[in-house]
$ cat my_file32.cif   # mmCIF, C-alpha atoms
data_protein
loop_
_atom_site.label_atom_id
_atom_site.label_comp_id
_atom_site.auth_asym_id
_atom_site.auth_seq_id
_atom_site.Cartn_x
_atom_site.Cartn_y
_atom_site.Cartn_z
CA MET A 1 128.87 117.26 100.48
CA GLN A 2 131.43 114.48 100.34
CA PHE A 3 130.62 110.80 100.38
CA VAL A 4 132.86 107.76 100.59
CA ALA A 5 132.29 104.04 100.23
CA ILE A 6 134.15 102.11 102.89
CA THR A 7 134.78 98.39 102.82
CA ALA A 8 136.22 96.64 105.84
CA VAL A 9 136.80 92.93 106.26
CA GLY A 10 138.25 90.93 109.12
CA ARG A 11 137.85 88.02 111.48
CA ASP A 12 134.41 87.96 113.01
CA ARG A 13 134.24 88.73 116.70
CA PRO A 14 131.69 90.35 119.01
CA GLY A 15 132.04 94.13 119.15
CA THR A 16 133.37 94.73 115.64
CA VAL A 17 130.40 96.85 114.52
CA ALA A 18 130.29 98.83 117.76
CA GLU A 19 134.00 99.64 117.61
CA PHE A 20 134.17 100.48 113.91
CA SER A 21 130.99 102.60 113.92
CA GLY A 22 132.25 104.32 117.07
CA ALA A 23 135.43 105.33 115.27
CA LEU A 24 133.40 106.74 112.37
CA LEU A 25 131.14 108.62 114.77
CA ARG A 26 134.11 110.23 116.51
CA LEU A 27 135.35 111.30 113.07
CA GLY A 28 132.03 113.07 112.49
CA CYS A 29 130.83 110.66 109.80
CA ASN A 30 127.22 109.77 109.13
CA LEU A 31 126.47 106.17 108.13
CA GLU A 32 123.86 106.45 105.41
CA GLU A 33 123.51 103.01 103.89
CA THR A 34 125.31 99.90 104.96
CA THR A 35 125.31 96.22 104.40
CA MET A 36 127.23 93.90 106.67
CA THR A 37 127.40 90.16 106.75
CA ARG A 38 129.33 87.20 108.03
CA LEU A 39 130.70 84.43 105.86
CA ARG A 40 131.92 81.61 108.07
CA GLY A 41 134.47 83.40 110.30
CA GLU A 42 134.91 86.51 108.16
CA PHE A 43 132.87 89.64 108.74
CA ALA A 44 132.48 92.20 105.96
CA MET A 45 131.13 95.72 106.11
CA LEU A 46 130.24 97.94 103.18
CA LEU A 47 129.27 101.43 104.22
CA LEU A 48 128.16 104.50 102.32
CA VAL A 49 129.18 107.34 104.55
CA ARG A 50 128.79 111.12 104.53
CA LEU A 51 131.83 113.04 105.70
CA PRO A 52 131.70 116.14 107.85
CA GLU A 53 132.36 119.36 105.91
CA ASP A 54 135.80 119.84 107.45
CA ARG A 55 137.27 116.44 106.61
CA THR A 56 138.66 115.09 103.34
CA PRO A 57 138.48 111.45 102.26
CA ALA A 58 142.28 111.22 102.60
CA GLU A 59 142.14 112.42 106.22
CA LEU A 60 139.37 109.97 107.00
CA GLU A 61 141.33 107.14 105.43
CA ALA A 62 144.43 107.96 107.47
CA GLU A 63 142.44 108.00 110.71
CA LEU A 64 140.50 104.88 109.82
CA ARG A 65 143.69 102.98 109.04
CA LYS A 66 144.76 103.30 112.67
CA THR A 67 141.43 101.91 113.87
CA ALA A 68 141.50 99.15 111.28
CA GLU A 69 145.02 98.13 112.21
CA ARG A 70 144.14 97.94 115.87
CA MET A 71 141.06 95.88 115.05
CA GLY A 72 142.76 93.64 112.49
CA LEU A 73 140.55 94.82 109.62
CA SER A 74 141.46 95.36 105.99
CA VAL A 75 139.89 98.63 104.97
CA ILE A 76 139.41 100.54 101.72
CA VAL A 77 138.05 104.10 101.49
CA ARG A 78 136.75 105.12 98.10
CA PRO A 79 135.76 108.78 97.55
CA LEU A 80 132.49 109.21 95.65
CA SER A 81 131.25 112.07 93.57
CA LEU A 82 127.72 113.26 94.31
CA GLU A 83 126.58 111.51 91.11
CA GLU A 84 128.15 108.27 92.28
CA ALA A 85 126.60 108.55 95.72
CA PHE A 86 123.17 109.25 94.21
CA PRO A 87 122.91 107.59 90.80
CA GLU A 88 120.07 108.80 88.61
CA PRO A 89 117.34 106.19 88.38
CA PRO A 90 116.57 105.06 84.83
CA ASP A 91 113.61 106.75 83.11
CA GLN A 92 111.83 103.43 83.03
CA PRO A 93 112.49 101.35 86.15
CA HIS A 94 114.14 98.09 85.18
CA PRO A 95 112.21 95.02 86.22
CA ALA A 96 113.98 93.05 88.96
CA TYR A 97 114.33 89.30 88.94
CA MET A 98 115.38 86.66 91.36
CA LEU A 99 117.46 83.78 90.09
CA ARG A 100 117.98 80.66 92.17
CA VAL A 101 120.68 78.24 91.08
CA TYR A 102 121.49 75.08 92.99
CA GLY A 103 123.14 71.75 92.34
CA ALA A 104 126.27 69.71 92.88
CA ASP A 105 129.23 72.02 93.39
CA ARG A 106 131.48 72.51 90.37
CA PRO A 107 133.73 75.28 89.16
CA GLY A 108 132.22 78.01 86.98
CA ILE A 109 128.60 78.23 88.13
CA VAL A 110 128.73 81.89 89.14
CA HIS A 111 130.77 82.80 86.09
CA ALA A 112 128.44 81.05 83.66
CA VAL A 113 125.29 82.60 85.10
CA ALA A 114 126.80 86.07 85.52
CA SER A 115 128.19 86.00 81.97
CA LEU A 116 124.80 85.12 80.53
CA LEU A 117 123.16 87.94 82.48
CA GLY A 118 125.89 90.34 81.38
CA GLU A 119 125.36 89.45 77.71
CA LYS A 120 121.67 90.28 78.11
CA GLY A 121 122.41 93.67 79.63
CA GLY A 122 121.35 92.49 83.09
CA ASN A 123 122.82 94.06 86.20
CA ILE A 124 123.37 91.95 89.31
CA THR A 125 122.33 93.92 92.40
CA ASP A 126 122.68 91.24 95.05
CA LEU A 127 124.29 87.84 95.11
CA ASN A 128 124.77 85.20 97.78
CA THR A 129 126.28 81.76 97.44
CA ARG A 130 126.59 79.03 100.02
CA LEU A 131 128.06 75.56 100.02
CA ILE A 132 125.86 73.12 101.89
CA GLU A 133 126.14 69.41 102.62
CA GLY A 134 124.18 67.22 100.23
CA ALA A 135 123.53 63.48 100.25
CA ASN A 136 126.18 62.91 97.55
CA GLY A 137 128.65 65.66 98.33
CA PRO A 138 128.60 69.44 98.56
CA VAL A 139 125.67 71.32 97.07
CA TYR A 140 126.07 74.86 95.78
CA VAL A 141 123.24 77.33 96.31
CA MET A 142 123.22 80.73 94.65
CA LEU A 143 120.59 83.40 95.14
CA LEU A 144 120.92 86.32 92.82
CA GLU A 145 118.92 89.46 92.21
CA ALA A 146 119.34 91.27 88.93
CA ASP A 147 117.77 94.13 87.04
CA LEU A 148 117.03 93.25 83.42
CA PRO A 149 116.50 95.82 80.65
CA SER A 150 112.91 94.65 80.05
CA GLU A 151 110.42 91.88 80.61
CA ALA A 152 111.12 90.77 77.04
CA THR A 153 114.73 90.16 78.08
CA ALA A 154 113.51 87.77 80.74
CA GLU A 155 111.66 85.75 78.11
CA THR A 156 114.74 85.47 75.88
CA LEU A 157 116.72 84.50 78.97
CA ARG A 158 114.55 81.54 79.92
CA PRO A 159 115.58 79.13 77.11
CA GLU A 160 119.23 80.03 77.67
CA LEU A 161 118.91 79.34 81.37
CA GLN A 162 117.49 75.95 80.47
CA ARG A 163 120.53 75.30 78.31
CA LEU A 164 122.79 76.35 81.19
CA GLN A 165 120.86 74.13 83.54
CA ARG A 166 121.66 71.10 81.34
CA GLU A 167 125.30 72.09 80.83
CA LEU A 168 126.03 72.76 84.48
CA GLU A 169 123.71 70.01 85.76
CA VAL A 170 122.08 72.41 88.20
CA ASP A 171 118.52 73.57 88.85
CA ILE A 172 117.66 77.14 87.93
CA THR A 173 114.48 79.12 88.55
CA LEU A 174 113.81 82.69 87.50
CA SER A 175 110.98 84.80 88.86
CA GLU A 176 110.09 88.44 88.68
CA LEU A 177 110.52 90.41 91.88
CA GLU A 178 107.66 92.79 92.07
CA ASP A 179 107.61 95.63 94.51
CA GLU A 180 104.08 96.02 95.71
CA ALA A 181 103.31 99.53 96.92
CA LEU A 182 100.26 98.91 99.08
CA MET B 1 85.53 115.18 96.32
CA ALA B 2 88.74 115.63 98.23
CA VAL B 3 92.06 114.20 97.28
CA ARG B 4 94.20 114.34 100.38
CA GLU B 5 97.93 114.34 100.64
CA ILE B 6 99.31 110.94 101.61
CA VAL B 7 101.03 111.21 104.97
CA GLN B 8 104.67 110.19 104.86
CA TYR B 9 106.73 108.65 107.61
CA PRO B 10 107.92 109.91 110.17
CA ALA B 11 104.53 111.52 110.78
CA ALA B 12 103.49 110.42 114.29
CA ILE B 13 100.01 109.46 113.14
CA LEU B 14 101.45 106.47 111.26
CA LYS B 15 102.62 104.93 114.55
CA GLN B 16 99.37 105.55 116.41
CA VAL B 17 96.63 103.11 117.39
CA CYS B 18 93.50 104.47 115.69
CA ASP B 19 90.02 104.85 117.19
CA PRO B 20 86.85 103.15 115.97
CA VAL B 21 84.42 105.28 113.96
CA ASP B 22 80.73 105.03 113.06
CA PRO B 23 80.36 104.57 109.28
CA LEU B 24 77.10 106.57 109.33
CA SER B 25 78.60 109.59 111.05
CA ASP B 26 79.57 112.64 109.01
CA LEU B 27 83.20 111.94 109.79
CA GLY B 28 82.87 108.32 108.71
CA ARG B 29 81.29 109.27 105.40
CA THR B 30 83.88 111.95 104.72
CA ILE B 31 86.78 109.60 105.36
CA ALA B 32 85.31 106.88 103.15
CA ARG B 33 84.92 109.36 100.32
CA ASP B 34 88.34 110.92 100.78
CA LEU B 35 90.03 107.52 100.90
CA ALA B 36 88.44 106.64 97.56
CA ASP B 37 89.25 110.01 95.98
CA THR B 38 92.84 109.86 97.17
CA LEU B 39 93.41 106.28 96.01
CA ASP B 40 91.91 107.04 92.59
CA ALA B 41 94.22 110.01 92.19
CA GLY B 42 97.38 107.92 92.30
CA PRO B 43 98.84 104.45 92.24
CA GLY B 44 98.12 101.93 94.93
CA VAL B 45 95.75 99.14 95.85
CA GLY B 46 94.76 100.24 99.30
CA LEU B 47 94.78 103.01 101.85
CA ALA B 48 94.19 103.32 105.55
CA ALA B 49 92.71 106.42 107.18
CA PRO B 50 95.89 107.37 109.06
CA GLN B 51 97.62 107.64 105.68
CA ILE B 52 95.34 110.56 104.85
CA GLY B 53 95.73 112.09 108.29
CA CYS B 54 92.81 110.57 110.24
CA ALA B 55 93.57 108.37 113.24
CA LEU B 56 90.40 106.33 112.73
CA ARG B 57 89.80 102.69 111.89
CA VAL B 58 88.83 102.80 108.21
CA ILE B 59 90.50 101.06 105.27
CA LEU B 60 89.99 100.92 101.55
CA VAL B 61 91.14 97.88 99.60
CA ASP B 62 91.02 97.51 95.84
CA ALA B 63 93.55 94.87 94.86
CA ALA B 64 92.43 94.71 91.23
CA ARG B 65 93.79 98.21 90.61
CA ASN B 66 97.05 96.35 90.07
CA PRO B 67 96.62 95.00 86.53
CA LYS B 68 98.86 92.04 87.28
CA ARG B 69 96.86 90.97 90.31
CA GLU B 70 93.37 89.87 91.21
CA GLY B 71 90.91 91.22 93.70
CA GLN B 72 87.26 90.69 94.56
CA GLY B 73 86.42 94.36 94.17
CA ARG B 74 86.56 97.56 96.15
CA PHE B 75 85.98 97.38 99.88
CA VAL B 76 85.61 100.18 102.36
CA LEU B 77 85.66 98.65 105.83
CA PHE B 78 85.11 100.37 109.14
CA ASN B 79 86.63 98.94 112.32
CA PRO B 80 87.97 95.87 110.48
CA VAL B 81 89.28 92.90 112.43
CA ILE B 82 91.03 89.80 111.13
CA ILE B 83 89.23 86.91 112.78
CA GLU B 84 91.03 84.03 111.04
CA ARG B 85 94.41 83.54 109.40
CA ARG B 86 95.57 80.54 107.40
CA GLY B 87 98.87 79.65 105.74
CA HIS B 88 101.81 81.87 104.84
CA GLN B 89 103.01 83.87 101.86
CA THR B 90 105.87 86.28 101.32
CA LEU B 91 105.69 89.39 99.19
CA ARG B 92 108.12 92.24 98.65
CA GLU B 93 106.03 95.09 100.00
CA GLY B 94 106.31 98.81 99.78
CA CYS B 95 104.06 101.49 101.19
CA LEU B 96 102.76 104.79 99.83
CA SER B 97 103.76 106.36 103.15
CA ILE B 98 107.36 105.13 102.94
CA PRO B 99 108.46 105.75 99.35
CA ASP B 100 111.52 104.12 97.81
CA TYR B 101 111.82 101.31 100.29
CA THR B 102 110.73 97.71 100.00
CA GLY B 103 111.21 94.55 101.95
CA ASN B 104 110.02 90.97 102.07
CA VAL B 105 107.13 90.48 104.46
CA THR B 106 105.58 87.15 105.38
CA ARG B 107 101.86 87.25 106.06
CA ALA B 108 98.90 84.88 106.12
CA GLU B 109 97.88 83.40 102.75
CA GLU B 110 94.21 83.64 103.62
CA VAL B 111 92.35 85.84 106.07
CA VAL B 112 88.77 86.26 107.19
CA VAL B 113 88.03 89.93 107.79
CA GLU B 114 85.08 91.30 109.68
CA GLY B 115 83.95 94.90 109.84
CA LEU B 116 81.20 97.32 108.90
CA ASP B 117 80.46 98.43 105.37
CA PRO B 118 79.77 102.12 104.56
CA GLY B 119 76.06 101.50 105.18
CA GLY B 120 76.82 100.36 108.71
CA GLU B 121 76.03 96.72 107.92
CA PRO B 122 78.29 93.96 109.23
CA LEU B 123 80.48 92.47 106.51
CA THR B 124 82.54 89.31 106.70
CA LEU B 125 84.73 88.29 103.82
CA THR B 126 87.39 85.76 103.03
CA SER B 127 90.38 87.03 101.10
CA ARG B 128 93.29 85.09 99.62
CA SER B 129 96.67 85.60 98.08
CA TYR B 130 97.60 89.14 97.03
CA GLU B 131 94.37 90.74 98.19
CA ALA B 132 94.82 89.13 101.61
CA VAL B 133 98.21 90.86 101.86
CA VAL B 134 96.59 94.20 101.09
CA PHE B 135 93.99 93.68 103.83
CA GLN B 136 96.68 92.74 106.35
CA HIS B 137 98.90 95.68 105.35
CA GLU B 138 96.06 98.21 105.63
CA ILE B 139 94.66 96.81 108.90
CA ASP B 140 98.19 96.95 110.37
CA HIS B 141 98.16 100.71 109.66
CA LEU B 142 95.21 101.07 112.08
CA ASP B 143 97.41 99.78 114.88
CA GLY B 144 100.43 101.88 113.95
CA ILE B 145 102.24 98.90 112.46
CA LEU B 146 104.21 99.56 109.27
CA PHE B 147 105.50 96.92 106.88
CA ILE B 148 109.00 97.75 108.12
CA ASP B 149 107.97 96.30 111.48
CA ARG B 150 107.38 92.99 109.71
CA ILE B 151 110.35 92.84 107.32
CA THR B 152 112.38 89.69 107.72
CA ASN B 153 115.15 90.56 105.30
CA VAL B 154 116.37 93.79 103.86
CA LYS B 155 116.69 94.63 100.22
CA THR B 156 118.64 97.71 99.38
CA ASP B 157 118.60 98.16 95.63
CA LEU B 158 116.72 101.40 95.83
CA PHE B 159 117.67 104.66 94.28
CA ARG B 160 117.89 107.33 96.91
CA ARG B 161 116.97 110.83 95.94
CA LYS B 162 119.69 113.44 95.95
CA PRO B 163 119.69 115.56 99.08
CA LYS B 164 118.48 119.11 98.62
CA GLY B 165 121.01 121.91 98.80
#
$ encode --input "my_file32.cif" --output "structure tokens"
Amino acid sequence: MQFVAITAVGRDRPGTVAEFSGALLRLGCNLEETTMTRLRGEFAMLLLVRLPEDRTPAELEAELRKTAERMGLSVIVRPLSLEEAFPEPPDQPHPAYMLRVYGADRPGIVHAVASLLGEKGGNITDLNTRLIEGANGPVYVMLLEADLPSEATAETLRPELQRLQRELEVDITLSELEDEAL
Amino acid sequence: MAVREIVQYPAAILKQVCDPVDPLSDLGRTIARDLADTLDAGPGVGLAAPQIGCALRVILVDAARNPKREGQGRFVLFNPVIIERRGHQTLREGCLSIPDYTGNVTRAEEVVVEGLDPGGEPLTLTSRSYEAVVFQHEIDHLDGILFIDRITNVKTDLFRRKPKG
């Protein structure tokens, strides 16, 4: 069973998803997990795809290149091992947190926050940033989800986030994201 | 006692509108007991009858089984109806019938629920916050509505199990 991760980026226009997924379907691929989004005029697709038994990642890439060229997309096909396609969950699930950072736009906000999380052994699983109009110039908004090694890590993180908040002159809130199986 | 297997999607029963049931009937009593036995045998703060394979309008809610949350106690409700809703809250929900998937769902902050207790007596209660979410989630099950039907944004950080074979 062969899996690939495909990324494709291009100018946003109606019909992109239909055309690109149609090409994958004709190639016998199964779209397992995808995330797609639009940033201003750019549309990005990230797809985890299962290949048919009789097709190699290199063959898929060659075929997909033709489609991508016709559609004006930049595409990357990355072959995955079975372990990469299905990572083992940790023995103890890592608690997930949501971090919201917002304030006047300035260089280095993402880097500072991501570096701090990295030092603590945190793993960013989702990140969105937007630049919005504020009363006194552009305001940067970042929403970030991260797994932390433990709840204790979150407590040691809080004072450091406060320090970062002062240094960067932004507002930061951290809250645990609990999955509630009902 | 009977611990039943929790029905997993795509079982058709999870998308079915369930029928009312008399709490004093043999069937009603059996379901109430099996819901309790099944919930006690695993994790979870609530169950609806279709989740144990019965297309009947019975729910069990026990929000305080989650040590981080509060609840007013254990409620078995027959033919429950939400008669009032106030405010909004969003919670990242999962469901015992759809393992390994969660999503943010916005529901009422406070609900007034009406139904029959296991003795057949009318019961009306006001529930808030987390427990109110559990009531709304379980009552949705009785109409074949899953939390996926109410997700407003998708979160995909889940670990998928390896395929067999």
$ interface_residues --input "my_file32.cif" --of "chain A" --to "chain B" --cutoff "8 Å" --atoms "all atoms listed in the file" --output "PyMOL selection string"
chain A and resi 86-89+125+177-182
$ resolve_selection --input "my_file32.cif" --expression "the PyMOL selection byres ((chain B and resi 113-122) around 12)" --output "PyMOL selection string"
chain B and resi 20-33+57-61+74-85+110-112+123-128+131-136+138-139
$ closest_residue --input "my_file32.cif" --among "A:Leu46, A:Val170, A:Leu24, A:Leu80" --to "Lys66 in chain A" --atoms "only C-alpha atoms"
A:Leu24
$ residues_near_point --input "my_file32.cif" --point "(115.0, 86.7, 88.4)" --cutoff "10 Å" --atoms "only C-alpha atoms" --output "list in words"
Pro95, Ala96, Tyr97, Met98, Leu99, Arg100, Ile124, Leu143, Leu144, Glu145, Ala146, Asp147, Leu148, Ala154, Leu157, Arg158, Ile172, Thr173, Leu174, Ser175, Glu176 and Leu177 of chain A
$ resolve_selection --input "my_file32.cif" --expression "the PyMOL selection byres ((chain A and resi 128) around 6)" --output "list in words"
Leu127, Thr129, Met142 and Leu143 of chain A
$ atom_distance --input "my_file32.cif" --atom1 "CA of Ala152 in chain A" --atom2 "CA of Gln72 in chain B"
29.6 Å
